[in-house]
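File shown: upload_32.txt. Contents: compact mmCIF, C-alpha atoms (C1' of nucleotides).
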```txt
# COMPACT_ATOMS: atom_id res chain seq x y z
CA MET P 77 -102.73 -72.01 -35.73
CA ALA P 78 -99.91 -74.47 -36.22
CA ARG P 79 -98.91 -77.88 -35.13
CA PRO P 80 -97.06 -77.64 -31.81
CA ARG P 81 -93.56 -78.96 -31.50
CA SER P 82 -93.63 -82.49 -30.14
CA GLU P 83 -92.75 -82.52 -26.46
CA ASP P 84 -92.57 -86.27 -26.69
CA ALA P 85 -89.77 -86.26 -29.24
CA ARG P 86 -87.81 -83.83 -27.10
CA ASN P 87 -88.18 -85.97 -24.00
CA ARG P 88 -87.24 -89.11 -25.84
CA VAL P 89 -84.01 -87.48 -27.03
CA ILE P 90 -83.12 -86.34 -23.54
CA GLU P 91 -83.78 -89.73 -21.99
CA VAL P 92 -81.67 -91.44 -24.60
CA ALA P 93 -78.99 -88.81 -24.08
CA VAL P 94 -78.84 -89.58 -20.38
CA ASP P 95 -78.53 -93.28 -21.12
CA ALA P 96 -75.79 -92.59 -23.63
CA LEU P 97 -73.95 -90.39 -21.15
CA LEU P 98 -73.97 -93.17 -18.59
CA ALA P 99 -72.94 -95.79 -21.09
CA LEU P 100 -70.38 -93.93 -23.17
CA GLY P 101 -69.39 -90.76 -21.36
CA VAL P 102 -69.76 -87.18 -22.44
CA GLU P 103 -67.63 -87.55 -25.54
CA GLY P 104 -69.38 -90.74 -26.54
CA VAL P 105 -72.65 -88.96 -27.26
CA THR P 106 -73.23 -88.23 -30.94
CA ILE P 107 -76.25 -86.81 -32.65
CA GLU P 108 -76.48 -89.63 -35.13
CA ASN P 109 -76.46 -92.14 -32.31
CA LEU P 110 -79.16 -90.25 -30.44
CA ALA P 111 -81.30 -90.13 -33.58
CA LEU P 112 -80.83 -93.83 -34.12
CA ARG P 113 -81.67 -94.88 -30.59
CA SER P 114 -84.47 -92.44 -29.92
CA GLY P 115 -86.30 -92.85 -33.20
CA VAL P 116 -86.22 -89.09 -33.62
CA ALA P 117 -84.76 -87.90 -36.89
CA LYS P 118 -81.62 -85.79 -36.96
CA SER P 119 -83.47 -82.89 -38.55
CA THR P 120 -86.00 -82.93 -35.73
CA ILE P 121 -83.26 -82.99 -33.14
CA TYR P 122 -81.68 -79.92 -34.70
CA ARG P 123 -85.04 -78.17 -34.58
CA HIS P 124 -85.37 -78.80 -30.85
CA PHE P 125 -81.77 -78.25 -29.81
CA GLY P 126 -79.23 -76.04 -31.45
CA ASN P 127 -76.26 -78.36 -31.24
CA LEU P 128 -74.77 -81.26 -29.33
CA ASP P 129 -73.55 -79.24 -26.37
CA CYS P 130 -77.04 -77.98 -25.86
CA ILE P 131 -78.40 -81.52 -25.68
CA VAL P 132 -75.79 -82.60 -23.15
CA THR P 133 -76.48 -79.55 -21.03
CA GLU P 134 -80.21 -80.18 -21.15
CA ALA P 135 -79.71 -83.84 -20.30
CA PHE P 136 -77.87 -82.89 -17.13
CA ARG P 137 -80.27 -80.09 -16.38
CA SER P 138 -83.21 -82.47 -16.65
CA ARG P 139 -81.88 -84.19 -13.54
CA ILE P 140 -82.08 -81.23 -11.23
CA VAL P 141 -84.24 -82.27 -8.28
CA GLU P 142 -85.47 -80.54 -5.17
CA TYR P 143 -85.14 -82.34 -1.87
CA PRO P 144 -87.33 -81.79 1.18
CA THR P 145 -85.68 -80.61 4.39
CA PRO P 146 -86.06 -82.85 7.44
CA ASP P 147 -86.42 -81.31 10.90
CA THR P 148 -86.36 -83.96 13.55
CA GLY P 149 -84.81 -81.76 16.20
CA SER P 150 -81.50 -83.62 16.18
CA LEU P 151 -78.57 -83.19 13.81
CA GLU P 152 -77.83 -86.90 13.70
CA THR P 153 -81.29 -88.03 12.67
CA ASP P 154 -81.67 -85.14 10.25
CA VAL P 155 -78.46 -86.05 8.51
CA GLU P 156 -79.35 -89.72 8.56
CA GLU P 157 -82.56 -89.04 6.74
CA LEU P 158 -80.75 -87.01 4.09
CA PHE P 159 -77.99 -89.59 3.64
CA ILE P 160 -80.57 -92.24 2.98
CA ARG P 161 -82.43 -90.06 0.60
CA TYR P 162 -79.33 -89.01 -1.30
CA ASN P 163 -77.60 -92.28 -1.65
CA LEU P 164 -80.01 -95.14 -1.43
CA ASP P 165 -82.83 -93.77 -3.51
CA ASP P 166 -80.62 -92.79 -6.40
CA HIS P 167 -83.20 -90.47 -7.79
CA ARG P 168 -83.03 -90.46 -11.56
CA GLN P 169 -79.47 -91.79 -11.87
CA LEU P 170 -78.09 -88.63 -10.33
CA ASN P 171 -75.36 -90.41 -8.40
CA GLU P 172 -74.13 -92.07 -11.57
CA LEU P 173 -74.33 -88.84 -13.49
CA MET P 174 -72.46 -86.63 -11.03
CA PRO P 175 -68.89 -87.84 -11.57
CA LEU P 176 -69.42 -87.43 -15.29
CA LEU P 177 -70.66 -83.92 -14.83
CA LEU P 178 -67.91 -82.97 -12.40
CA GLU P 179 -65.24 -84.04 -14.82
CA ALA P 180 -66.88 -82.47 -17.86
CA ALA P 181 -67.46 -79.19 -16.04
CA ARG P 182 -63.71 -78.71 -15.68
CA ARG P 183 -63.50 -77.74 -19.32
CA ASP P 184 -66.93 -76.33 -20.03
CA PRO P 185 -68.26 -73.17 -18.39
CA ALA P 186 -71.83 -73.96 -19.46
CA LEU P 187 -71.67 -77.24 -17.59
CA CYS P 188 -70.17 -75.46 -14.58
CA GLU P 189 -73.41 -73.61 -14.25
CA VAL P 190 -75.46 -76.79 -14.35
CA ARG P 191 -73.12 -78.47 -11.90
CA ASP P 192 -73.42 -75.61 -9.45
CA ARG P 193 -77.19 -75.59 -9.68
CA ILE P 194 -77.50 -79.32 -9.13
CA LEU P 195 -75.03 -79.11 -6.28
CA ALA P 196 -76.80 -76.19 -4.65
CA GLU P 197 -80.10 -78.03 -4.87
CA ARG P 198 -78.56 -81.14 -3.35
CA GLN P 199 -76.82 -79.29 -0.55
CA ARG P 200 -79.63 -76.97 0.35
CA PRO P 201 -81.43 -79.21 2.85
CA LEU P 202 -78.14 -80.34 4.35
CA ARG P 203 -77.03 -76.76 4.84
CA THR P 204 -80.34 -75.93 6.47
CA VAL P 205 -80.06 -78.86 8.83
CA VAL P 206 -76.58 -77.80 9.87
CA LYS P 207 -77.71 -74.23 10.43
CA LEU P 208 -80.55 -75.51 12.61
CA ALA P 209 -78.07 -77.48 14.68
CA GLN P 210 -75.92 -74.37 15.00
CA ALA P 211 -78.93 -72.37 16.18
CA ARG P 212 -79.72 -75.04 18.75
CA GLY P 213 -76.14 -74.89 20.00
CA GLU P 214 -75.47 -78.49 19.01
CA ILE P 215 -72.34 -77.52 17.09
CA ASP P 216 -70.01 -74.56 16.69
CA PRO P 217 -72.05 -71.67 15.23
CA ASP P 218 -68.96 -70.27 13.51
CA LEU P 219 -68.20 -73.42 11.54
CA ASP P 220 -67.97 -72.62 7.85
CA LEU P 221 -70.81 -74.26 5.97
CA ASP P 222 -68.73 -75.37 3.01
CA ILE P 223 -66.38 -77.14 5.37
CA ALA P 224 -69.33 -78.77 7.10
CA MET P 225 -70.62 -79.99 3.74
CA ALA P 226 -67.25 -81.54 2.94
CA MET P 227 -67.06 -83.28 6.30
CA LEU P 228 -70.57 -84.66 6.01
CA THR P 229 -70.74 -85.63 2.36
CA GLY P 230 -67.07 -86.30 1.63
CA PRO P 231 -66.86 -89.86 2.92
CA LEU P 232 -70.00 -90.85 1.02
CA THR P 233 -68.68 -89.39 -2.20
CA TYR P 234 -65.28 -90.97 -1.72
CA ARG P 235 -66.81 -94.37 -1.13
CA LYS P 236 -68.64 -94.30 -4.41
CA MET P 237 -66.54 -92.19 -6.74
CA VAL P 238 -63.05 -93.18 -5.68
CA GLN P 239 -63.24 -96.52 -3.93
CA ASP P 240 -66.10 -97.69 -6.12
CA LEU P 241 -67.52 -99.68 -3.20
CA GLU P 242 -71.06 -100.32 -2.00
CA VAL P 243 -72.63 -97.91 0.50
CA ASP P 244 -74.06 -100.53 2.83
CA ASP P 245 -75.78 -100.16 6.19
CA GLU P 246 -72.62 -100.56 8.22
CA PHE P 247 -70.79 -97.92 6.25
CA LEU P 248 -73.70 -95.54 6.58
CA ARG P 249 -73.94 -96.11 10.32
CA VAL P 250 -70.23 -95.67 11.05
CA VAL P 251 -69.80 -92.67 8.78
CA LEU P 252 -72.92 -90.95 10.05
CA ARG P 253 -71.77 -91.21 13.64
CA GLY P 254 -68.26 -90.17 12.64
CA ALA P 255 -69.40 -87.16 10.66
CA VAL P 256 -71.52 -85.86 13.50
CA ALA P 257 -68.61 -86.35 15.88
CA ALA P 258 -66.42 -84.47 13.45
CA LEU P 259 -68.81 -81.53 13.36
CA ARG P 260 -68.95 -81.48 17.17
CA SER P 261 -65.14 -81.52 17.39
CA THR P 262 -64.76 -78.04 15.91
CA VAL P 263 -65.21 -76.13 19.14
CA ASP P 264 -62.21 -73.99 18.25
CA MET R 51 -26.04 -104.44 -33.59
CA ALA R 52 -28.82 -101.99 -34.06
CA ARG R 53 -29.71 -98.52 -33.00
CA PRO R 54 -31.68 -98.64 -29.75
CA ARG R 55 -35.18 -97.22 -29.63
CA SER R 56 -35.05 -93.67 -28.36
CA GLU R 57 -36.10 -93.51 -24.73
CA ASP R 58 -36.17 -89.76 -25.04
CA ALA R 59 -38.84 -89.75 -27.73
CA ARG R 60 -40.95 -92.08 -25.62
CA ASN R 61 -40.71 -89.84 -22.56
CA ARG R 62 -41.49 -86.75 -24.55
CA VAL R 63 -44.68 -88.35 -25.86
CA ILE R 64 -45.80 -89.35 -22.38
CA GLU R 65 -45.17 -85.90 -20.92
CA VAL R 66 -47.10 -84.25 -23.72
CA ALA R 67 -49.85 -86.83 -23.26
CA VAL R 68 -50.20 -85.90 -19.59
CA ASP R 69 -50.41 -82.23 -20.50
CA ALA R 70 -53.02 -82.96 -23.13
CA LEU R 71 -55.02 -85.04 -20.68
CA LEU R 72 -55.11 -82.16 -18.23
CA ALA R 73 -55.97 -79.61 -20.87
CA LEU R 74 -58.44 -81.52 -23.03
CA GLY R 75 -59.58 -84.59 -21.15
CA VAL R 76 -59.20 -88.22 -22.08
CA GLU R 77 -61.16 -87.94 -25.31
CA GLY R 78 -59.32 -84.80 -26.33
CA VAL R 79 -56.04 -86.63 -26.82
CA THR R 80 -55.25 -87.45 -30.44
CA ILE R 81 -52.16 -88.98 -31.90
CA GLU R 82 -51.70 -86.20 -34.40
CA ASN R 83 -51.83 -83.66 -31.64
CA LEU R 84 -49.28 -85.59 -29.59
CA ALA R 85 -46.98 -85.85 -32.58
CA LEU R 86 -47.32 -82.15 -33.27
CA ARG R 87 -46.65 -81.02 -29.73
CA SER R 88 -43.95 -83.50 -28.85
CA GLY R 89 -41.97 -83.21 -32.05
CA VAL R 90 -42.08 -86.98 -32.35
CA ALA R 91 -43.43 -88.25 -35.66
CA LYS R 92 -46.58 -90.33 -35.82
CA SER R 93 -44.72 -93.28 -37.24
CA THR R 94 -42.33 -93.21 -34.32
CA ILE R 95 -45.19 -93.02 -31.85
CA TYR R 96 -46.78 -96.08 -33.39
CA ARG R 97 -43.51 -97.93 -33.08
CA HIS R 98 -43.30 -97.18 -29.37
CA PHE R 99 -46.97 -97.61 -28.47
CA GLY R 100 -49.42 -99.82 -30.23
CA ASN R 101 -52.36 -97.44 -30.21
CA LEU R 102 -53.90 -94.47 -28.50
CA ASP R 103 -55.32 -96.36 -25.53
CA CYS R 104 -51.88 -97.66 -24.76
CA ILE R 105 -50.48 -94.13 -24.62
CA VAL R 106 -53.20 -92.93 -22.28
CA THR R 107 -52.69 -95.89 -20.01
CA GLU R 108 -48.95 -95.32 -19.94
CA ALA R 109 -49.44 -91.62 -19.25
CA PHE R 110 -51.47 -92.41 -16.16
CA ARG R 111 -49.15 -95.23 -15.16
CA SER R 112 -46.19 -92.88 -15.35
CA ARG R 113 -47.66 -91.01 -12.40
CA ILE R 114 -47.62 -93.87 -9.94
CA VAL R 115 -45.62 -92.66 -6.93
CA GLU R 116 -44.59 -94.23 -3.66
CA TYR R 117 -45.08 -92.26 -0.47
CA PRO R 118 -43.08 -92.67 2.75
CA THR R 119 -44.92 -93.68 5.91
CA PRO R 120 -44.69 -91.29 8.87
CA ASP R 121 -44.53 -92.66 12.41
CA THR R 122 -44.76 -89.88 14.96
CA GLY R 123 -46.49 -91.95 17.60
CA SER R 124 -49.79 -90.10 17.29
CA LEU R 125 -52.56 -90.64 14.78
CA GLU R 126 -53.27 -86.95 14.45
CA THR R 127 -49.77 -85.84 13.58
CA ASP R 128 -49.24 -88.85 11.32
CA VAL R 129 -52.35 -88.02 9.36
CA GLU R 130 -51.46 -84.36 9.27
CA GLU R 131 -48.13 -85.13 7.70
CA LEU R 132 -49.81 -87.27 5.03
CA PHE R 133 -52.50 -84.71 4.31
CA ILE R 134 -49.89 -82.09 3.67
CA ARG R 135 -47.87 -84.41 1.52
CA TYR R 136 -50.85 -85.54 -0.52
CA ASN R 137 -52.56 -82.30 -1.13
CA LEU R 138 -50.15 -79.44 -0.90
CA ASP R 139 -47.22 -80.92 -2.74
CA ASP R 140 -49.23 -82.04 -5.71
CA HIS R 141 -46.59 -84.42 -6.84
CA ARG R 142 -46.55 -84.62 -10.62
CA GLN R 143 -50.06 -83.27 -11.18
CA LEU R 144 -51.56 -86.35 -9.58
CA ASN R 145 -54.39 -84.46 -7.92
CA GLU R 146 -55.40 -82.95 -11.20
CA LEU R 147 -55.14 -86.25 -12.98
CA MET R 148 -57.16 -88.34 -10.54
CA PRO R 149 -60.68 -87.11 -11.34
CA LEU R 150 -59.94 -87.69 -15.00
CA LEU R 151 -58.77 -91.19 -14.31
CA LEU R 152 -61.66 -92.01 -12.02
CA GLU R 153 -64.18 -91.03 -14.63
CA ALA R 154 -62.39 -92.74 -17.49
CA ALA R 155 -61.95 -95.94 -15.51
CA ARG R 156 -65.70 -96.40 -15.36
CA ARG R 157 -65.72 -97.51 -18.94
CA ASP R 158 -62.26 -98.96 -19.41
CA PRO R 159 -61.06 -102.06 -17.57
CA ALA R 160 -57.45 -101.34 -18.45
CA LEU R 161 -57.67 -97.97 -16.73
CA CYS R 162 -59.36 -99.62 -13.74
CA GLU R 163 -56.16 -101.49 -13.15
CA VAL R 164 -54.08 -98.31 -13.27
CA ARG R 165 -56.55 -96.51 -11.03
CA ASP R 166 -56.40 -99.27 -8.44
CA ARG R 167 -52.63 -99.32 -8.46
CA ILE R 168 -52.32 -95.57 -8.03
CA LEU R 169 -54.95 -95.64 -5.32
CA ALA R 170 -53.29 -98.48 -3.46
CA GLU R 171 -49.96 -96.69 -3.57
CA ARG R 172 -51.55 -93.49 -2.27
CA GLN R 173 -53.47 -95.19 0.49
CA ARG R 174 -50.73 -97.50 1.70
CA PRO R 175 -49.07 -95.13 4.19
CA LEU R 176 -52.44 -93.91 5.44
CA ARG R 177 -53.58 -97.48 6.03
CA THR R 178 -50.38 -98.23 7.87
CA VAL R 179 -50.79 -95.19 10.08
CA VAL R 180 -54.34 -96.20 10.98
CA LYS R 181 -53.25 -99.73 11.75
CA LEU R 182 -50.54 -98.37 14.04
CA ALA R 183 -53.14 -96.31 15.87
CA GLN R 184 -55.30 -99.40 16.20
CA ALA R 185 -52.40 -101.34 17.65
CA ARG R 186 -51.75 -98.54 20.14
CA GLY R 187 -55.41 -98.63 21.18
CA GLU R 188 -56.00 -95.09 19.98
CA ILE R 189 -59.00 -96.14 17.92
CA ASP R 190 -61.32 -99.13 17.54
CA PRO R 191 -59.19 -102.05 16.32
CA ASP R 192 -62.18 -103.53 14.50
CA LEU R 193 -62.81 -100.49 12.33
CA ASP R 194 -62.82 -101.46 8.68
CA LEU R 195 -59.86 -99.90 6.90
CA ASP R 196 -61.76 -98.93 3.77
CA ILE R 197 -64.24 -97.05 5.90
CA ALA R 198 -61.40 -95.35 7.72
CA MET R 199 -59.90 -94.27 4.40
CA ALA R 200 -63.22 -92.79 3.32
CA MET R 201 -63.60 -90.88 6.59
CA LEU R 202 -60.07 -89.51 6.44
CA THR R 203 -59.70 -88.72 2.76
CA GLY R 204 -63.31 -88.09 1.80
CA PRO R 205 -63.59 -84.46 2.90
CA LEU R 206 -60.34 -83.56 1.14
CA THR R 207 -61.46 -85.17 -2.08
CA TYR R 208 -64.89 -83.58 -1.86
CA ARG R 209 -63.39 -80.16 -1.35
CA LYS R 210 -61.36 -80.38 -4.50
CA MET R 211 -63.33 -82.57 -6.86
CA VAL R 212 -66.88 -81.53 -6.05
CA GLN R 213 -66.77 -78.11 -4.46
CA ASP R 214 -63.79 -77.04 -6.51
CA LEU R 215 -62.53 -74.93 -3.61
CA GLU R 216 -59.08 -74.24 -2.23
CA VAL R 217 -57.66 -76.53 0.46
CA ASP R 218 -56.36 -73.81 2.74
CA ASP R 219 -54.87 -74.02 6.22
CA GLU R 220 -58.13 -73.52 8.04
CA PHE R 221 -59.84 -76.25 6.07
CA LEU R 222 -56.97 -78.61 6.69
CA ARG R 223 -56.95 -77.87 10.41
CA VAL R 224 -60.69 -78.29 10.93
CA VAL R 225 -60.99 -81.38 8.78
CA LEU R 226 -57.96 -83.03 10.33
CA ARG R 227 -59.34 -82.61 13.81
CA GLY R 228 -62.78 -83.70 12.64
CA ALA R 229 -61.53 -86.80 10.89
CA VAL R 230 -59.58 -87.97 13.90
CA ALA R 231 -62.63 -87.35 16.08
CA ALA R 232 -64.68 -89.35 13.59
CA LEU R 233 -62.29 -92.28 13.83
CA ARG R 234 -62.38 -92.16 17.62
CA SER R 235 -66.18 -92.11 17.61
CA THR R 236 -66.48 -95.65 16.30
CA VAL R 237 -66.12 -97.37 19.65
CA ASP R 238 -69.21 -99.46 18.88
C1' DC G 250 -112.28 -79.60 -43.41
C1' DA G 251 -108.32 -77.07 -44.89
C1' DA G 252 -104.00 -74.78 -44.12
C1' DT G 253 -99.83 -74.75 -41.92
C1' DT G 254 -96.21 -76.62 -39.54
C1' DT G 255 -93.80 -80.40 -37.77
C1' DC G 256 -92.05 -85.05 -38.39
C1' DG G 257 -88.98 -88.68 -40.10
C1' DA G 258 -85.99 -90.39 -43.81
C1' DT G 259 -82.32 -89.63 -46.73
C1' DA G 260 -78.46 -87.48 -48.92
C1' DC G 261 -74.67 -84.13 -49.28
C1' DG G 262 -70.31 -81.53 -48.35
C1' DC G 263 -66.99 -80.69 -45.05
C1' DA G 264 -63.79 -81.53 -41.43
C1' DT G 265 -61.32 -84.50 -38.30
C1' DT G 266 -58.73 -88.38 -36.99
C1' DC G 267 -57.19 -92.91 -37.19
C1' DG G 268 -53.87 -96.32 -38.57
C1' DT G 269 -50.67 -97.40 -42.33
C1' DT G 270 -47.22 -96.73 -45.62
C1' DT G 271 -43.39 -94.73 -48.03
C1' DC G 272 -39.18 -92.25 -48.24
C1' DG G 273 -34.66 -89.92 -47.44
C1' DG G 274 -31.52 -88.94 -43.95
C1' DA G 275 -29.46 -89.40 -39.53
C1' DA G 276 -27.74 -92.07 -35.59
C1' DC G 277 -25.89 -95.80 -33.42
C1' DG G 278 -23.42 -100.53 -32.80
C1' DA G 279 -19.87 -103.71 -34.31
C1' DT M 221 -16.23 -97.16 -41.33
C1' DC M 222 -20.21 -99.77 -42.67
C1' DG M 223 -24.55 -101.63 -42.27
C1' DT M 224 -28.58 -101.85 -39.73
C1' DT M 225 -32.18 -99.59 -37.55
C1' DC M 226 -34.58 -95.79 -36.08
C1' DC M 227 -36.31 -91.06 -36.92
C1' DG M 228 -39.26 -87.43 -38.93
C1' DA M 229 -42.11 -85.65 -42.74
C1' DA M 230 -45.66 -86.39 -45.77
C1' DA M 231 -49.40 -88.61 -48.04
C1' DC M 232 -53.10 -92.07 -48.20
C1' DG M 233 -57.74 -94.44 -47.66
C1' DA M 234 -61.25 -95.35 -44.58
C1' DA M 235 -64.30 -94.18 -41.15
C1' DT M 236 -66.91 -91.12 -38.41
C1' DG M 237 -69.74 -87.29 -37.22
C1' DC M 238 -71.39 -82.60 -37.83
C1' DG M 239 -74.54 -79.37 -39.73
C1' DT M 240 -77.61 -78.44 -43.57
C1' DA M 241 -80.98 -79.27 -47.03
C1' DT M 242 -84.78 -81.57 -49.28
C1' DC M 243 -89.10 -84.09 -49.57
C1' DG M 244 -93.47 -86.51 -48.88
C1' DA M 245 -96.50 -87.68 -45.17
C1' DA M 246 -98.76 -86.90 -40.90
C1' DA M 247 -100.90 -84.22 -37.41
C1' DT M 248 -103.00 -80.38 -35.17
C1' DT M 249 -105.13 -75.92 -34.91
C1' DG M 250 -108.81 -72.78 -36.22
```
Please lay out the structure from this file as structure tokens.
Amino acid sequence: MARPRSEDARNRVIEVAVDALLALGVEGVTIENLALRSGVAKSTIYRHFGNLDCIVTEAFRSRIVEYPTPDTGSLETDVEELFIRYNLDDHRQLNELMPLLLEAARRDPALCEVRDRILAERQRPLRTVVKLAQARGEIDPDLDLDIAMAMLTGPLTYRKMVQDLEVDDEFLRVVLRGAVAALRSTVD
Amino acid sequence: MARPRSEDARNRVIEVAVDALLALGVEGVTIENLALRSGVAKSTIYRHFGNLDCIVTEAFRSRIVEYPTPDTGSLETDVEELFIRYNLDDHRQLNELMPLLLEAARRDPALCEVRDRILAERQRPLRTVVKLAQARGEIDPDLDLDIAMAMLTGPLTYRKMVQDLEVDDEFLRVVLRGAVAALRSTVD
DNA sequence: CAATTTCGATACGCATTCGTTTCGGAACGA
DNA sequence: TCGTTCCGAAACGAATGCGTATCGAAATTG
């Protein structure tokens, strides 16, 4: 029997928060700025979210996505499909947001949780694909999955986060072949 | 005919700044805090450094290190030596500092410069080692060096920055073998 | 249509930090 | 030893942002 809390105002704040995160970094986000840019009044923001940390957490959390798992019957083509999906369709600015989140999570347990959830969701199909390849006997069945993740995703991440270079077709092709070769090399 | 500016005070400020960076992040560093923890007065700090940005830049710059280049005659053992040097002897907290710097450099051109210099200094011996292997015919001589860097260093970086896991002996062994296999796979 | 709750605008007190300035005393060079 | 310069402590105004409170207007439920 009351007016419902505006979902639209909430979403507007979160979208503006994501933009602000990308533009200014975690510490650059202020409530007054969010109110100004979103057109939502400070008082309203405090009604929806308890405090600033809560907004930042929700902004990151709003970017959690589920990815489908390919199953082409071959590790190389499975991984290729995932690489393209991860890195070329940058779904909802996630690739831009990740380094921010990784750094912020070092000093904020609440963000650690969000980071781990986003990461788990991102890695899930890749883990599955590797396990399928292990079951088929394509690669060492005893290979630790975390290590496999690092070998597969590491070069991609390094290219973007550290080198700050473009992930072009040649890079993708060479690294994909290399990563699969790396996984096959662990015969122990 | 004057008293020289105290080099000791300057160094103390920079050391405290590095500690503060690690503990609080780039935005957590304040001049008052530095003055308090270093025992150097604010006025003195302003005489040595123009402003806060300058201190942060100098703190990062103070961590630029030169690494020796191994030459064992084999790519695998060369790379192994560098991996150990990079990641097990964390010389002057550089591994802890890098993610901070990478993130901060996204929004600060001055820090971009520092980042690139540190990165170049870190990669130099690894690049040399790869070029030696190319000259020996161990790997494809046309392989782009930036791609090679990503394939070699990527998994290490991913392990620490993204997964936040320990780089133990098994990881190092598997990834080393995998990375070399990856480089050899690019026969095109 | 009416009651209730939210919305947006504005203002307030409080805390933090910056960058500057002033001052007495200590340290160094000539 | 003497004069110059730096050092450290303290205080200052200005700016910023948080969190809270207030108020009329708008909107939605029953």
Distance query DC256 in chain G at most 10 Å, all atoms listed in the file, self and fewer than 3 positions along chain excluded, as a list in words: Arg81, Ser82, Ala85, Val116, Ala117, Ser119 and Thr120 of chain P; DA245, DA246 and DA247 of chain M
Output C-alpha atoms (C1' of nucleotides) for every residue in the selection just made, as a PDB file, in the coordinates of the input.
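Result written to selection.pdb:
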```pdb
ATOM      1  CA  ARG P  81     -93.560 -78.960 -31.500  1.00  0.00           C
ATOM      2  CA  SER P  82     -93.630 -82.490 -30.140  1.00  0.00           C
ATOM      3  CA  ALA P  85     -89.770 -86.260 -29.240  1.00  0.00           C
ATOM      4  CA  VAL P 116     -86.220 -89.090 -33.620  1.00  0.00           C
ATOM      5  CA  ALA P 117     -84.760 -87.900 -36.890  1.00  0.00           C
ATOM      6  CA  SER P 119     -83.470 -82.890 -38.550  1.00  0.00           C
ATOM      7  CA  THR P 120     -86.000 -82.930 -35.730  1.00  0.00           C
TER       8      THR P 120
ATOM      9  C1'  DA M 245     -96.500 -87.680 -45.170  1.00  0.00           C
ATOM     10  C1'  DA M 246     -98.760 -86.900 -40.900  1.00  0.00           C
ATOM     11  C1'  DA M 247    -100.900 -84.220 -37.410  1.00  0.00           C
TER      12       DA M 247
END
```
Neighbour residues at most 8 Å from (-79.1, -81.4, 10.7) (only C-alpha atoms (C1' of nucleotides)) as a list in words: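 Here the neighbourhood of the point contains Pro146, Asp147, Gly149, Ser150, Leu151, Glu152, Thr153, Asp154, Val155, Leu202, Arg203, Thr204, Val205, Val206, Lys207, Leu208 and Ala209 of chain P.
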Just to be explicit: take each residue in the selection above, keep C-alpha atoms, and write the result as a compact mmCIF listing (two decimals), in the coordinates of the input.
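Output saved as out-v4.txt:
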```
# COMPACT_ATOMS: atom_id res chain seq x y z
CA PRO P 146 -86.06 -82.85 7.44
CA ASP P 147 -86.42 -81.31 10.90
CA GLY P 149 -84.81 -81.76 16.20
CA SER P 150 -81.50 -83.62 16.18
CA LEU P 151 -78.57 -83.19 13.81
CA GLU P 152 -77.83 -86.90 13.70
CA THR P 153 -81.29 -88.03 12.67
CA ASP P 154 -81.67 -85.14 10.25
CA VAL P 155 -78.46 -86.05 8.51
CA LEU P 202 -78.14 -80.34 4.35
CA ARG P 203 -77.03 -76.76 4.84
CA THR P 204 -80.34 -75.93 6.47
CA VAL P 205 -80.06 -78.86 8.83
CA VAL P 206 -76.58 -77.80 9.87
CA LYS P 207 -77.71 -74.23 10.43
CA LEU P 208 -80.55 -75.51 12.61
CA ALA P 209 -78.07 -77.48 14.68
```
Using all atoms listed in the file: which of R:Glu77, R:Gln173, R:Ala85, R:Lys92 has the shortest distance to chain P: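 Residue with the minimum atom-to-atom distance to chain P: R:Glu77.
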Ala78 in chain P environment, 10 Å, all atoms listed in the file, sequence neighbours closer than 3 positions dropped, as a ChimeraX atom specification: /P:81 /G:252-255 /M:247-250
Test item: chain M residues at most 8 Å from chain R, counting all atoms listed in the file, as a list in words: DT224, DT225, DC226, DC227, DG228 and DA229 of chain M
G:DC272, G:DC261, G:DC277, G:DC267 ranked by distance to DG239 in chain M, top pick (using all atoms listed in the file):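 Looking at the shortest contact to DG239 in chain M, the residue is G:DC261.
Here the question is which of G:DG257, G:DG273, G:DG268, G:DG262 gets nearest to chain R using all atoms listed in the file, and that residue is G:DG268.
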For chain G, the nearest of the candidates R:Val63, R:Gly100, R:Pro159, R:Val68, counting all atoms listed in the file: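 That would be R:Gly100, the residue with the smallest distance to chain G.
Of the listed residues (G:DA264, G:DA251, G:DA258, G:DA276), G:DA258 comes nearest to chain P; the distances count only C-alpha atoms (C1' of nucleotides).
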Straight-line distance linking CA of Glu157 in chain P with CA of Arg193 in chain P, stated in Å to one decimal: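 Spanning CA of Glu157 in chain P to CA of Arg193 in chain P is a straight-line distance of 21.9 Å.
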Filled-in N, CA and C atoms of range 82-87 of chain P, supplied as a tab-separated table (two decimals), in the frame of the given file:
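Done, and the output landed in result_2.tsv:
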```tsv
chain	number	residue	atom	x	y	z
P	82	SER	N	-93.37	-81.29	-30.94
P	82	SER	CA	-93.63	-82.49	-30.14
P	82	SER	C	-92.78	-82.54	-28.88
P	83	GLU	N	-93.45	-82.40	-27.74
P	83	GLU	CA	-92.75	-82.52	-26.46
P	83	GLU	C	-92.24	-83.94	-26.26
P	84	ASP	N	-92.94	-84.87	-26.84
P	84	ASP	CA	-92.57	-86.27	-26.69
P	84	ASP	C	-91.23	-86.56	-27.36
P	85	ALA	N	-91.03	-86.05	-28.54
P	85	ALA	CA	-89.77	-86.26	-29.24
P	85	ALA	C	-88.62	-85.67	-28.42
P	86	ARG	N	-88.84	-84.48	-27.90
P	86	ARG	CA	-87.81	-83.83	-27.10
P	86	ARG	C	-87.44	-84.69	-25.88
P	87	ASN	N	-88.46	-85.16	-25.18
P	87	ASN	CA	-88.18	-85.97	-24.00
P	87	ASN	C	-87.47	-87.27	-24.35
```
